[in-house]
Amino acid sequence: MQEFKARRDQLLASMGEGVAIVPTAAEVVRNRDSHYPYRFDSYFYHLTGFKEPESVLILIAGDKPKSILFCREKDMEREIWDGFRYGPKAAQDSFGVDEAYTINQLDEMMPTLLSNQAKLFYSLGAEAGWDMKVTQWLNQVKDLARTGVSAPEAILDVRQLVDCQRLIKTPYEMEMMRRSAKIAAVAHNRAMQKTKAGKMEYEIEAEFLHEFYRKGAQAPAYTSIVAGGANACTLHYNANNCQLNDGDLLLIDAGCELDGYASDITRTFPVNGKFSAPQKDLYEMVLAAQLAAIDVAKPGNHWNMPHEVALDVLVQGFIDVGLCQGSKDEVLENGSYRQFYMHRTGHWLGLDVHDVGDYKDKQGNWTTLAAGHVLTVEPGCYVRPAENVPEHFWNIGIRIEDDVLITAQGNEVLSKDAIKSVADIEAQMADGQ
Ligand code: GLY
Ligand code: MN
Ligand code: MN
């Protein structure tokens, strides 16, 4: 409760004056009366910790700052069907907001709450239904002009302010992300151990999902990728319905969500437990690139440095094994490496898998890494069959991805329990066979 109150207080202070409106996400119908699994809005959750749909947070900044939660009312009939709901009174007590009302009171109360406020902090354009409501409330306030009431003159994007908060993780968030990554890391190890030629990709998916749910994660943090052989060269492959072949690699990109916090881990390993020589050459290269990139993920270095360092190692490796021709500078300059490495080396991680936060400042300079940032480091190498490519590398797709917390001293690899050295992988898989 203190954690979420502190986040609201931080936002209230950065607003200075005015009213913020932060709605949660709507439930989405799948068909008829069935819904998709509900996922709250990350901004709303960041400020409340409240997971129920049909809720809105209102913050009033100024001399007497105030937080107001609107949520579903208690309803025994609905609770018999759908389960517990807090209702305003219990929500106020449990989540530490100053006031709470039912969502049905929102339309009636908002014009008053918006009256004589200079600024409205609201994310216009994010959701059309809310835009319409907000417009209606503003028009109602404007209609009161003759009685001396004024409407907000400025609408500012509340999300921009919250993005800055979300980018630097609090100790509580660090611990949640540590736990989320730990669950996912152990799940990757289990999936690796259960892999055998002849199994289906979805059977391996079931192994890590088993571990996610068994450890209390509520869901995968994104659509899992379980890609055997050539499938790994499709970056967003997620059919996960092919058989695993002896002699192929298996790439798994999967993370879980624990109380809102995402992990995002990729491991690549041989289906039969033993790397072939070409697979090992490329794997060791990607691993070297990843370790070098993690090494420079530390305070004071800029955001792009891990990417630059990883790219440097990969490009030299591509030249050494005959995938690229020319000097390192030439290959970096002409971009021929993009045939084998076409994505960037990471992203912010948090409540969203591709989390919010700026990568550059307004002058175009890369963000400087600082304690509390969490990012992924995920170089890869994807070799599709082509005339200019030695055949022994065809259809090898490799990515190695870890979640890295920047600390005052350097960094902490949150996903370090997921094994990744050639020796550890081969030993673990020998155990599992
Ligand atoms: N799994 C999404 C990503 O690696 O960015
Ligand atoms: Mn990622
Ligand atoms: Mn990933």
# chains A, B, ... in the order shown; residues from 1 in each chain; ligands from 1
>>> residues_around(residues="Leu11 of chain A", least_positions_apart="2", cutoff="10 Å", atoms="only C-alpha atoms", output="MDAnalysis selection string")
chainID A and resid 5:9 13:16 20 47 59 61 158 161:162 164:165
>>> write_last_selection(atoms="N, CA, C and O atoms", output="PDB file, in the first residue's frame")
ATOM      1  N   LYS A   5       1.134   4.230  -2.847  1.00  0.00           N
ATOM      2  CA  LYS A   5       0.854   5.602  -2.410  1.00  0.00           C
ATOM      3  C   LYS A   5       2.044   6.505  -2.769  1.00  0.00           C
ATOM      4  O   LYS A   5       1.853   7.626  -3.239  1.00  0.00           O
ATOM      5  N   ALA A   6       3.239   5.984  -2.560  1.00  0.00           N
ATOM      6  CA  ALA A   6       4.438   6.779  -2.879  1.00  0.00           C
ATOM      7  C   ALA A   6       4.488   7.110  -4.368  1.00  0.00           C
ATOM      8  O   ALA A   6       4.890   8.202  -4.766  1.00  0.00           O
ATOM      9  N   ARG A   7       4.045   6.151  -5.201  1.00  0.00           N
ATOM     10  CA  ARG A   7       4.050   6.415  -6.653  1.00  0.00           C
ATOM     11  C   ARG A   7       3.035   7.509  -6.998  1.00  0.00           C
ATOM     12  O   ARG A   7       3.299   8.370  -7.836  1.00  0.00           O
ATOM     13  N   ARG A   8       1.853   7.453  -6.335  1.00  0.00           N
ATOM     14  CA  ARG A   8       0.846   8.505  -6.597  1.00  0.00           C
ATOM     15  C   ARG A   8       1.373   9.857  -6.129  1.00  0.00           C
ATOM     16  O   ARG A   8       1.202  10.872  -6.806  1.00  0.00           O
ATOM     17  N   ASP A   9       2.025   9.850  -4.964  1.00  0.00           N
ATOM     18  CA  ASP A   9       2.551  11.115  -4.436  1.00  0.00           C
ATOM     19  C   ASP A   9       3.607  11.691  -5.385  1.00  0.00           C
ATOM     20  O   ASP A   9       3.667  12.903  -5.591  1.00  0.00           O
ATOM     21  N   ALA A  13       3.249  15.272  -7.248  1.00  0.00           N
ATOM     22  CA  ALA A  13       4.284  16.310  -7.145  1.00  0.00           C
ATOM     23  C   ALA A  13       4.725  16.755  -8.534  1.00  0.00           C
ATOM     24  O   ALA A  13       4.903  17.958  -8.774  1.00  0.00           O
ATOM     25  N   SER A  14       4.869  15.819  -9.471  1.00  0.00           N
ATOM     26  CA  SER A  14       5.337  16.254 -10.799  1.00  0.00           C
ATOM     27  C   SER A  14       4.237  16.963 -11.579  1.00  0.00           C
ATOM     28  O   SER A  14       4.522  17.755 -12.468  1.00  0.00           O
ATOM     29  N   MET A  15       2.958  16.693 -11.246  1.00  0.00           N
ATOM     30  CA  MET A  15       1.864  17.446 -11.884  1.00  0.00           C
ATOM     31  C   MET A  15       1.870  18.901 -11.409  1.00  0.00           C
ATOM     32  O   MET A  15       1.578  19.801 -12.185  1.00  0.00           O
ATOM     33  N   GLY A  16       2.156  19.106 -10.154  1.00  0.00           N
ATOM     34  CA  GLY A  16       2.144  20.464  -9.594  1.00  0.00           C
ATOM     35  C   GLY A  16       0.736  20.931  -9.289  1.00  0.00           C
ATOM     36  O   GLY A  16       0.367  21.192  -8.156  1.00  0.00           O
ATOM     37  N   ALA A  20      -5.606  14.559 -12.809  1.00  0.00           N
ATOM     38  CA  ALA A  20      -5.210  13.456 -13.700  1.00  0.00           C
ATOM     39  C   ALA A  20      -6.325  12.421 -13.749  1.00  0.00           C
ATOM     40  O   ALA A  20      -6.957  12.138 -12.730  1.00  0.00           O
ATOM     41  N   LEU A  47      -0.049   2.872 -10.521  1.00  0.00           N
ATOM     42  CA  LEU A  47      -0.419   3.912  -9.552  1.00  0.00           C
ATOM     43  C   LEU A  47      -1.355   3.413  -8.450  1.00  0.00           C
ATOM     44  O   LEU A  47      -1.608   4.131  -7.483  1.00  0.00           O
ATOM     45  N   LEU A  59      -6.497  11.864  -9.789  1.00  0.00           N
ATOM     46  CA  LEU A  59      -5.571  12.523  -8.865  1.00  0.00           C
ATOM     47  C   LEU A  59      -5.787  14.024  -8.959  1.00  0.00           C
ATOM     48  O   LEU A  59      -5.867  14.576 -10.071  1.00  0.00           O
ATOM     49  N   ALA A  61      -4.000  17.422  -7.912  1.00  0.00           N
ATOM     50  CA  ALA A  61      -2.743  17.974  -7.390  1.00  0.00           C
ATOM     51  C   ALA A  61      -2.976  19.382  -6.848  1.00  0.00           C
ATOM     52  O   ALA A  61      -4.017  19.989  -7.092  1.00  0.00           O
ATOM     53  N   VAL A 158      -0.693  12.457 -19.359  1.00  0.00           N
ATOM     54  CA  VAL A 158      -0.295  11.932 -18.042  1.00  0.00           C
ATOM     55  C   VAL A 158       0.719  10.798 -18.199  1.00  0.00           C
ATOM     56  O   VAL A 158       1.572  10.580 -17.341  1.00  0.00           O
ATOM     57  N   LEU A 161       4.491  11.612 -17.864  1.00  0.00           N
ATOM     58  CA  LEU A 161       5.015  11.741 -16.501  1.00  0.00           C
ATOM     59  C   LEU A 161       5.212  10.375 -15.864  1.00  0.00           C
ATOM     60  O   LEU A 161       6.208  10.119 -15.185  1.00  0.00           O
ATOM     61  N   VAL A 162       4.241   9.475 -16.084  1.00  0.00           N
ATOM     62  CA  VAL A 162       4.341   8.144 -15.462  1.00  0.00           C
ATOM     63  C   VAL A 162       5.479   7.336 -16.105  1.00  0.00           C
ATOM     64  O   VAL A 162       6.136   6.548 -15.442  1.00  0.00           O
ATOM     65  N   CYS A 164       8.364   8.320 -16.954  1.00  0.00           N
ATOM     66  CA  CYS A 164       9.626   8.644 -16.257  1.00  0.00           C
ATOM     67  C   CYS A 164       9.707   7.873 -14.946  1.00  0.00           C
ATOM     68  O   CYS A 164      10.784   7.380 -14.578  1.00  0.00           O
ATOM     69  N   GLN A 165       8.578   7.779 -14.245  1.00  0.00           N
ATOM     70  CA  GLN A 165       8.568   7.024 -12.990  1.00  0.00           C
ATOM     71  C   GLN A 165       8.823   5.541 -13.236  1.00  0.00           C
ATOM     72  O   GLN A 165       9.556   4.884 -12.510  1.00  0.00           O
TER      73      GLN A 165
END
>>> closest_atom_pairs(of="chain A", to="ligand 1", cutoff="8 Å", atoms="only C-alpha atoms and all ligand atoms", output="CSV")
residue,atom,partner,partner_atom_place_in_ligand_line,distance
A:Tyr222,CA,ligand 1,1 (N),6.5
A:Thr223,CA,ligand 1,1 (N),7.5
A:Ser224,CA,ligand 1,1 (N),7.3
A:Ile225,CA,ligand 1,1 (N),7.7
A:Asp253,CA,ligand 1,1 (N),5.8
A:Ala254,CA,ligand 1,1 (N),6.5
A:Gly255,CA,ligand 1,1 (N),7.5
A:Asp264,CA,ligand 1,1 (N),5.7
A:Ile265,CA,ligand 1,4 (O),7.2
A:Thr266,CA,ligand 1,4 (O),7.3
A:Gly346,CA,ligand 1,5 (O),7.0
A:His347,CA,ligand 1,5 (O),7.0
A:Val353,CA,ligand 1,2 (C),6.8
A:His354,CA,ligand 1,5 (O),6.5
A:Thr376,CA,ligand 1,4 (O),7.8
A:Glu378,CA,ligand 1,4 (O),7.2
A:Glu401,CA,ligand 1,4 (O),7.3
>>> atom_distance(atom1="atom CA of Val422 of chain A", atom2="atom CA of Leu249 of chain A")
12.6 Å
>>> select_by_dssp(residues="segment 18-131 of chain A", states="strand (DSSP E or B)", output="ChimeraX atom specification")
/A:18-23,29-31,34-35,56-61,66-71,99-102,119-121
>>> atom_distance(atom1="atom CA of Glu205 of chain A", atom2="atom CA of Val383 of chain A")
23.7 Å
>>> atom_distance(atom1="atom CA of Ala430 of chain A", atom2="atom CA of Asp246 of chain A")
14.4 Å
>>> closest_residue(among="A:Lys196, A:His46, A:Lys280, A:His302", to="Phe393 of chain A", atoms="only C-alpha atoms")
A:Lys280
>>> residues_around(residues="Asp248 of chain A", least_positions_apart="3", cutoff="12 Å", atoms="only C-alpha atoms", output="number ranges by chain")
A: 195-198, 227-232, 243-245, 251, 268-276, 278-280, 392-398
>>> select_by_dssp(residues="segment 184-216 of chain A", states="alpha helix (DSSP H)", output="CSV table (one decimal) with N, CA, C and O atoms, in the first residue's frame")
chain,number,residue,atom,x,y,z
A,184,ALA,N,10.9,-17.7,-14.6
A,184,ALA,CA,11.1,-18.0,-16.0
A,184,ALA,C,12.4,-18.7,-16.3
A,184,ALA,O,12.5,-19.6,-17.2
A,185,ALA,N,13.4,-18.4,-15.5
A,185,ALA,CA,14.7,-19.0,-15.7
A,185,ALA,C,14.6,-20.5,-15.4
A,185,ALA,O,15.1,-21.4,-16.2
A,186,VAL,N,14.0,-20.8,-14.3
A,186,VAL,CA,13.8,-22.2,-13.9
A,186,VAL,C,12.9,-23.0,-14.9
A,186,VAL,O,13.2,-24.1,-15.3
A,187,ALA,N,12.0,-22.3,-15.4
A,187,ALA,CA,11.1,-22.8,-16.5
A,187,ALA,C,11.8,-23.2,-17.7
A,187,ALA,O,11.6,-24.2,-18.4
A,188,HIS,N,12.8,-22.3,-18.1
A,188,HIS,CA,13.6,-22.6,-19.3
A,188,HIS,C,14.5,-23.8,-19.0
A,188,HIS,O,14.6,-24.7,-19.9
A,189,ASN,N,15.0,-23.9,-17.9
A,189,ASN,CA,15.8,-25.1,-17.6
A,189,ASN,C,15.0,-26.4,-17.6
A,189,ASN,O,15.5,-27.4,-18.2
A,190,ARG,N,13.8,-26.3,-17.1
A,190,ARG,CA,12.9,-27.5,-17.2
A,190,ARG,C,12.6,-27.9,-18.7
A,190,ARG,O,12.7,-29.0,-19.0
A,191,ALA,N,12.3,-26.8,-19.5
A,191,ALA,CA,12.0,-27.1,-20.9
A,191,ALA,C,13.2,-27.7,-21.6
A,191,ALA,O,13.0,-28.7,-22.4
A,192,MET,N,14.3,-27.2,-21.3
A,192,MET,CA,15.6,-27.8,-21.9
A,192,MET,C,15.7,-29.2,-21.5
A,192,MET,O,16.0,-30.1,-22.4
A,193,GLN,N,15.5,-29.5,-20.3
A,193,GLN,CA,15.7,-30.9,-19.8
A,193,GLN,C,14.7,-31.9,-20.4
A,193,GLN,O,15.0,-33.0,-20.6
A,194,LYS,N,13.5,-31.4,-20.7
A,194,LYS,CA,12.5,-32.3,-21.2
A,194,LYS,C,12.5,-32.4,-22.7
A,194,LYS,O,11.7,-33.1,-23.3
A,201,GLU,N,6.9,-29.1,-30.7
A,201,GLU,CA,7.2,-27.8,-30.0
A,201,GLU,C,6.2,-27.4,-28.9
A,201,GLU,O,6.6,-27.0,-27.8
A,202,TYR,N,5.0,-27.7,-29.1
A,202,TYR,CA,4.0,-27.4,-28.1
A,202,TYR,C,4.1,-28.2,-26.8
A,202,TYR,O,3.7,-27.8,-25.7
A,203,GLU,N,4.7,-29.4,-27.0
A,203,GLU,CA,5.0,-30.2,-25.7
A,203,GLU,C,6.0,-29.5,-24.9
A,203,GLU,O,5.9,-29.6,-23.6
A,204,ILE,N,7.0,-28.9,-25.5
A,204,ILE,CA,8.0,-28.2,-24.7
A,204,ILE,C,7.4,-26.9,-24.2
A,204,ILE,O,7.7,-26.5,-23.0
A,205,GLU,N,6.5,-26.3,-24.9
A,205,GLU,CA,5.8,-25.1,-24.4
A,205,GLU,C,5.1,-25.4,-23.1
A,205,GLU,O,5.1,-24.7,-22.1
A,206,ALA,N,4.4,-26.6,-23.1
A,206,ALA,CA,3.7,-27.0,-21.9
A,206,ALA,C,4.6,-27.2,-20.7
A,206,ALA,O,4.2,-26.9,-19.6
A,207,GLU,N,5.9,-27.5,-21.0
A,207,GLU,CA,6.8,-27.7,-19.8
A,207,GLU,C,7.1,-26.4,-19.1
A,207,GLU,O,7.1,-26.3,-17.9
A,208,PHE,N,7.3,-25.3,-19.9
A,208,PHE,CA,7.6,-24.1,-19.2
A,208,PHE,C,6.4,-23.4,-18.7
A,208,PHE,O,6.4,-22.8,-17.7
A,209,LEU,N,5.3,-23.6,-19.4
A,209,LEU,CA,4.0,-23.0,-18.9
A,209,LEU,C,3.7,-23.7,-17.5
A,209,LEU,O,3.2,-23.0,-16.6
A,210,HIS,N,3.9,-25.0,-17.4
A,210,HIS,CA,3.7,-25.7,-16.2
A,210,HIS,C,4.5,-25.0,-15.1
A,210,HIS,O,3.9,-24.8,-14.0
A,211,GLU,N,5.7,-24.7,-15.3
A,211,GLU,CA,6.6,-24.1,-14.3
A,211,GLU,C,6.1,-22.7,-14.0
A,211,GLU,O,6.2,-22.3,-12.8
A,212,PHE,N,5.7,-21.9,-15.0
A,212,PHE,CA,5.2,-20.6,-14.7
A,212,PHE,C,4.0,-20.6,-13.7
A,212,PHE,O,4.0,-19.9,-12.7
A,213,TYR,N,3.0,-21.4,-14.1
A,213,TYR,CA,1.8,-21.4,-13.3
A,213,TYR,C,2.0,-22.1,-11.9
A,213,TYR,O,1.5,-21.6,-10.9
A,214,ARG,N,2.9,-23.1,-11.9
A,214,ARG,CA,3.2,-23.8,-10.6
A,214,ARG,C,3.8,-22.8,-9.6
A,214,ARG,O,3.7,-23.0,-8.4
>>> residues_around(residues="Arg178 of chain A", least_positions_apart="6", cutoff="12 Å", atoms="only C-alpha atoms", output="JSON, numbers by chain")
{"A": [169, 171, 172, 184, 185, 256, 257, 258, 261, 262, 263, 264, 349, 350, 374, 402, 403, 404, 405, 412, 413, 414, 415, 416, 417]}
